[in-house]
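**Q** Pasting a structure below so you can have a look.
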Amino acid sequence: MPITALLIDIDDTLLDDVHATRHGVAALLAAHALPYTLDEACQRWHSLTQQHWARFERGECSIIEQRHARLRGLFQRELSDNEANLAFEPYIAGYRGNWKAFDDVAPFVAATAHLPRVLVSNGHLDIQQRKLAVTGLDAHFPHLLTPQNCGHAKPDAAIFDAAARLAGVPLQQCLVIGDDLVRDIGAAQALGMPFFHVDRRRADGGLLACLPLLA
């Protein structure tokens, strides 16, 4: 089947979330006496994020509760909710101050302007909307689905079904574009959908490399 619509992830697909996160963690280290190098802190933060964000995706905690759990894990001590809120402020400032799109996003957006495009993210709706506004991508992507406005998270088939309906095309004609091997690529494979794995560690892993699939 021809590809007639795109279902696109945001973090580390369109926006360099690793870059923003590293700056957020660096701000935490600068503000608090933590026994880590920056690389050690980033590695631990990544592990804690994977653990507690999965709990958030499953509905086991709120976005604030998973945030506080990550901080307590990094600080390796108990923090009250108020202490955690205050401790997190440097991270938020460093993280939000470094939101940026990858260099290949602008030409990708231009090259795919003729296709319906729906953003499908497990990030929190409010935060993802802010990212799109700050980077100017909101002008190009009118449709954004997250667990908050869809009721389902990737890799659940329901969020991809909803995205295909927004795009107005059959599911199997939608190309899934993302970096996550489970939430994006594995989900597409399970649904029999075409996909493109964004992996900028590979020379052919950037967004522009998917364009031949659309010919």
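Letters for chains follow the order of the structure tokens (A, B, ...), residue numbers begin at 1 for each chain, and ligand numbers begin at 1 in the order shown.
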Please produce, as a tab-separated table, a per-residue contact table for region 112-195 of chain A versus region 58-73 of chain A (criterion: any atom at most 12 Å away, only C-alpha atoms considered), showing the nearest atom pair and its distance in Å to one decimal, sorted by chain then residue number.
**A**
```
residue	atom	partner	partner_atom	distance
A:Asn122	CA	A:Arg58	CA	10.9
A:Gly123	CA	A:Ile63	CA	9.7
A:His124	CA	A:Ile63	CA	7.8
A:Leu125	CA	A:Ile63	CA	10.9
A:Asp126	CA	A:Ile63	CA	11.1
A:Ile127	CA	A:Ile63	CA	10.7
A:Pro147	CA	A:Gly59	CA	9.8
A:Gln148	CA	A:Gly59	CA	10.8
A:Gly151	CA	A:Gly59	CA	10.3
A:His152	CA	A:Arg58	CA	9.4
A:Ala153	CA	A:Arg58	CA	8.3
A:Lys154	CA	A:Arg58	CA	10.5
A:Pro155	CA	A:Arg58	CA	11.4
A:Asp156	CA	A:Arg58	CA	11.0
```
**Q** Save out the residues we just selected, all heavy atoms, as a short mmCIF file (atom, residue, chain, number, x, y, z; two decimals), in the first residue's frame.
**A**
```
data_model
loop_
_atom_site.label_atom_id
_atom_site.label_comp_id
_atom_site.auth_asym_id
_atom_site.auth_seq_id
_atom_site.Cartn_x
_atom_site.Cartn_y
_atom_site.Cartn_z
N ASN A 122 4.07 9.90 24.04
CA ASN A 122 3.71 9.53 25.40
C ASN A 122 4.07 10.62 26.40
O ASN A 122 3.88 10.45 27.60
CB ASN A 122 4.41 8.23 25.80
CG ASN A 122 3.69 7.01 25.27
OD1 ASN A 122 2.73 7.12 24.51
ND2 ASN A 122 4.15 5.83 25.66
N GLY A 123 4.61 11.73 25.91
CA GLY A 123 4.88 12.85 26.79
C GLY A 123 3.60 13.49 27.27
O GLY A 123 2.52 13.28 26.69
N HIS A 124 3.69 14.27 28.33
CA HIS A 124 2.50 14.92 28.87
C HIS A 124 2.02 16.00 27.89
O HIS A 124 2.82 16.77 27.34
CB HIS A 124 2.80 15.54 30.24
CG HIS A 124 1.59 15.93 30.99
ND1 HIS A 124 0.93 17.13 30.78
CD2 HIS A 124 0.87 15.28 31.95
CE1 HIS A 124 -0.11 17.20 31.58
NE2 HIS A 124 -0.18 16.10 32.30
N LEU A 125 0.71 16.07 27.67
CA LEU A 125 0.14 16.96 26.66
C LEU A 125 0.60 18.40 26.83
O LEU A 125 1.05 19.03 25.87
CB LEU A 125 -1.39 16.88 26.72
CG LEU A 125 -2.15 17.80 25.75
CD1 LEU A 125 -1.83 17.45 24.30
CD2 LEU A 125 -3.65 17.70 26.00
N ASP A 126 0.50 18.93 28.04
CA ASP A 126 0.86 20.33 28.27
C ASP A 126 2.32 20.59 27.94
O ASP A 126 2.66 21.58 27.28
CB ASP A 126 0.57 20.71 29.72
CG ASP A 126 1.00 22.13 30.05
OD1 ASP A 126 0.44 23.07 29.46
OD2 ASP A 126 1.92 22.30 30.88
N ILE A 127 3.19 19.70 28.37
CA ILE A 127 4.63 19.89 28.13
C ILE A 127 4.94 19.79 26.64
O ILE A 127 5.71 20.60 26.09
CB ILE A 127 5.44 18.87 28.93
CG1 ILE A 127 5.25 19.11 30.44
CG2 ILE A 127 6.93 18.94 28.57
CD1 ILE A 127 5.86 18.04 31.32
N PRO A 147 -1.40 10.45 25.88
CA PRO A 147 -2.34 9.75 26.76
C PRO A 147 -3.38 10.67 27.40
O PRO A 147 -4.48 10.22 27.72
CB PRO A 147 -1.42 9.13 27.82
CG PRO A 147 -0.12 8.92 27.09
CD PRO A 147 0.01 10.10 26.19
N GLN A 148 -3.06 11.96 27.55
CA GLN A 148 -4.00 12.87 28.21
C GLN A 148 -5.22 13.18 27.34
O GLN A 148 -6.31 13.36 27.86
CB GLN A 148 -3.30 14.18 28.61
CG GLN A 148 -2.41 14.06 29.82
CD GLN A 148 -1.18 13.21 29.54
OE1 GLN A 148 -0.48 13.43 28.57
NE2 GLN A 148 -0.95 12.23 30.39
N GLY A 151 -6.34 8.94 25.89
CA GLY A 151 -6.71 7.89 26.84
C GLY A 151 -5.90 6.63 26.70
O GLY A 151 -6.13 5.65 27.43
N HIS A 152 -4.93 6.63 25.80
CA HIS A 152 -4.08 5.45 25.58
C HIS A 152 -2.66 5.93 25.33
O HIS A 152 -2.43 7.04 24.85
CB HIS A 152 -4.57 4.64 24.38
CG HIS A 152 -5.99 4.17 24.50
ND1 HIS A 152 -6.34 3.05 25.20
CD2 HIS A 152 -7.13 4.72 24.02
CE1 HIS A 152 -7.66 2.90 25.14
NE2 HIS A 152 -8.17 3.90 24.44
N ALA A 153 -1.69 5.07 25.65
CA ALA A 153 -0.27 5.37 25.44
C ALA A 153 0.34 4.36 24.50
O ALA A 153 -0.12 3.21 24.41
CB ALA A 153 0.47 5.35 26.79
N LYS A 154 1.35 4.79 23.77
CA LYS A 154 2.12 3.85 22.95
C LYS A 154 2.78 2.82 23.87
O LYS A 154 3.21 3.18 24.97
CB LYS A 154 3.20 4.60 22.16
CG LYS A 154 2.66 5.63 21.18
CD LYS A 154 3.76 6.26 20.34
CE LYS A 154 4.73 7.11 21.14
NZ LYS A 154 5.70 7.83 20.27
N PRO A 155 2.83 1.56 23.51
CA PRO A 155 2.55 0.97 22.19
C PRO A 155 1.13 0.45 21.99
O PRO A 155 0.91 -0.36 21.09
CB PRO A 155 3.54 -0.20 22.15
CG PRO A 155 3.62 -0.65 23.57
CD PRO A 155 3.52 0.60 24.40
N ASP A 156 0.16 0.89 22.80
CA ASP A 156 -1.22 0.45 22.65
C ASP A 156 -1.72 0.78 21.24
O ASP A 156 -1.55 1.91 20.75
CB ASP A 156 -2.09 1.15 23.69
CG ASP A 156 -3.47 0.54 23.82
OD1 ASP A 156 -4.09 0.22 22.79
OD2 ASP A 156 -3.94 0.39 24.96
#
```
**Q** Would you please extract all helix (DSSP H, G or I) residues from region 13-210 of chain A, as assigned by DSSP on the backbone, and give them as JSON, numbers by chain?
**A** {"A": [17, 18, 19, 20, 21, 22, 23, 24, 25, 26, 27, 28, 29, 30, 31, 38, 39, 40, 41, 42, 43, 44, 45, 46, 47, 48, 49, 50, 51, 52, 53, 54, 55, 56, 57, 63, 64, 65, 66, 67, 68, 69, 70, 71, 72, 73, 74, 75, 81, 82, 83, 84, 85, 86, 87, 88, 89, 90, 91, 92, 93, 94, 95, 96, 105, 106, 107, 108, 109, 110, 111, 125, 126, 127, 128, 129, 130, 131, 132, 133, 134, 135, 137, 138, 139, 147, 148, 149, 150, 157, 158, 159, 160, 161, 162, 163, 164, 165, 166, 167, 171, 172, 173, 181, 182, 183, 184, 185, 186, 187, 188, 189, 190, 191, 207, 208, 209, 210]}
**Q** Within 12 Å of region 129-136 of chain A, counting only C-alpha atoms, which residues qualify if same-chain residues fewer than 3 places away don't, as a PyMOL selection string?
**A** chain A and resi 10-11+14-17+20+95-103+105-106+109+119-121+123-126+139-146+148-149
**Q** For Phe75 (chain A), which of A:Pro90, A:Pro107, A:Pro212, A:Pro35 is the closest residue, counting only C-alpha atoms?
**A**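 When distances to Phe75 (chain A) are compared using only C-alpha atoms, the smallest one comes from A:Pro35.
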**Q** Record the distance separating CA of Leu208 (chain A) and CA of Gly24 (chain A), expressed in Å with one decimal.
**A**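 Pair CA of Leu208 (chain A) / CA of Gly24 (chain A) returns 28.4 Å.
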**Q** Choose the residue, out of A:Ala167, A:Leu38, A:Ala215, A:Ile92, that has the smallest atom-to-atom separation from Ala5 (chain A); count only C-alpha atoms.
**A**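 Ranked by minimum distance to Ala5 (chain A), first place goes to A:Ala167.
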**Q** Residues of region 9-151 of chain A in strand (DSSP E) according to DSSP, as a ChimeraX atom specification?
**A** /A:117-120,143-145
**Q** CA of Ala110 (chain A) and CA of Thr4 (chain A), how far apart in Å?
**A**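 About the pair CA of Thr4 (chain A) and CA of Ala110 (chain A): they are 15.8 Å apart.
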**Q** Please provide the set of residues having any atom within 10 Å of Leu213 (chain A), restricted to only C-alpha atoms, with same-chain residues fewer than 5 positions apart removed, written as a ChimeraX atom specification.
**A** /A:2-3,175,194-196
**Q** Write out the residues from the selection above, keeping N, CA and C atoms, as a PDB file, in the first residue's frame.
**A**
```pdb
ATOM      1  N   PRO A   2       0.406   2.299  -0.679  1.00  0.00           N
ATOM      2  CA  PRO A   2       1.174   3.553  -0.631  1.00  0.00           C
ATOM      3  C   PRO A   2       1.045   4.201   0.739  1.00  0.00           C
ATOM      4  N   ILE A   3       2.065   4.953   1.123  1.00  0.00           N
ATOM      5  CA  ILE A   3       2.028   5.698   2.375  1.00  0.00           C
ATOM      6  C   ILE A   3       1.366   7.044   2.109  1.00  0.00           C
ATOM      7  N   LEU A 175       2.779   5.802   7.917  1.00  0.00           N
ATOM      8  CA  LEU A 175       4.160   5.488   8.266  1.00  0.00           C
ATOM      9  C   LEU A 175       4.438   5.966   9.686  1.00  0.00           C
ATOM     10  N   PRO A 194       3.857   0.221   8.112  1.00  0.00           N
ATOM     11  CA  PRO A 194       5.214   0.593   7.720  1.00  0.00           C
ATOM     12  C   PRO A 194       5.818   1.509   8.785  1.00  0.00           C
ATOM     13  N   PHE A 195       7.140   1.480   8.902  1.00  0.00           N
ATOM     14  CA  PHE A 195       7.783   2.272   9.944  1.00  0.00           C
ATOM     15  C   PHE A 195       9.161   2.708   9.482  1.00  0.00           C
ATOM     16  N   PHE A 196       9.657   3.750  10.165  1.00  0.00           N
ATOM     17  CA  PHE A 196      11.042   4.179   9.978  1.00  0.00           C
ATOM     18  C   PHE A 196      11.634   4.462  11.346  1.00  0.00           C
TER      19      PHE A 196
END
```
**Q** Determine the nearest neighbour of Ala188 (chain A) from the options A:Leu7, A:Ala26, A:Cys210, A:Cys42, counting only C-alpha atoms.
**A**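 Of the candidates, the smallest distance to Ala188 (chain A) is held by A:Leu7.
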**Q** Would you kindly return, as a list in words, each protein, DNA or RNA residue with an atom no farther than 9 Å from any atom of Leu207 (chain A), considering only C-alpha atoms and excluding same-chain residues fewer than 6 positions away?
**A** Thr13, Leu14, Asp104, Val105, Phe108, Ile177, Phe196, His197, Val198, Asp199 and Arg200 of chain A
**Q** List as a ChimeraX atom specification the protein and nucleic acid residues near region 30-34 of chain A, meaning an atom at most 10 Å away when only C-alpha atoms are counted, but skip any in the same chain fewer than 6 places from it.
**A** /A:24,41,74-76,87-91
**Q** Emit the selected residues as an mmCIF file, in the first residue's frame, including N, CA, C and O atoms.
**A**
```cif
data_model
loop_
_atom_site.group_PDB
_atom_site.id
_atom_site.type_symbol
_atom_site.label_atom_id
_atom_site.label_comp_id
_atom_site.auth_asym_id
_atom_site.auth_seq_id
_atom_site.Cartn_x
_atom_site.Cartn_y
_atom_site.Cartn_z
ATOM 1 N N GLY A 24 19.378 20.014 31.756
ATOM 2 C CA GLY A 24 18.606 20.009 32.991
ATOM 3 C C GLY A 24 19.352 19.340 34.125
ATOM 4 O O GLY A 24 19.378 19.849 35.256
ATOM 5 N N ALA A 41 25.523 11.300 36.392
ATOM 6 C CA ALA A 41 24.196 11.798 36.749
ATOM 7 C C ALA A 41 23.210 11.605 35.608
ATOM 8 O O ALA A 41 22.057 11.228 35.829
ATOM 9 N N LEU A 74 17.701 10.131 42.498
ATOM 10 C CA LEU A 74 18.961 10.792 42.180
ATOM 11 C C LEU A 74 19.643 11.319 43.438
ATOM 12 O O LEU A 74 20.857 11.175 43.608
ATOM 13 N N PHE A 75 18.864 11.902 44.343
ATOM 14 C CA PHE A 75 19.420 12.461 45.569
ATOM 15 C C PHE A 75 19.741 11.369 46.588
ATOM 16 O O PHE A 75 20.499 11.604 47.527
ATOM 17 N N GLN A 76 19.138 10.191 46.409
ATOM 18 C CA GLN A 76 19.324 9.051 47.305
ATOM 19 C C GLN A 76 18.964 9.397 48.754
ATOM 20 O O GLN A 76 19.652 9.011 49.700
ATOM 21 N N ALA A 87 13.583 21.560 44.679
ATOM 22 C CA ALA A 87 14.818 20.980 44.153
ATOM 23 C C ALA A 87 14.760 20.815 42.646
ATOM 24 O O ALA A 87 15.791 20.842 41.967
ATOM 25 N N PHE A 88 13.551 20.650 42.096
ATOM 26 C CA PHE A 88 13.399 20.377 40.670
ATOM 27 C C PHE A 88 13.494 21.638 39.811
ATOM 28 O O PHE A 88 13.712 21.544 38.598
ATOM 29 N N GLU A 89 13.356 22.801 40.431
ATOM 30 C CA GLU A 89 13.297 24.042 39.653
ATOM 31 C C GLU A 89 14.513 24.262 38.762
ATOM 32 O O GLU A 89 14.363 24.680 37.595
ATOM 33 N N PRO A 90 15.747 24.013 39.221
ATOM 34 C CA PRO A 90 16.891 24.193 38.317
ATOM 35 C C PRO A 90 16.821 23.271 37.099
ATOM 36 O O PRO A 90 17.190 23.679 35.988
ATOM 37 N N TYR A 91 16.369 22.037 37.310
ATOM 38 C CA TYR A 91 16.244 21.116 36.182
ATOM 39 C C TYR A 91 15.264 21.657 35.147
ATOM 40 O O TYR A 91 15.570 21.679 33.948
#
```
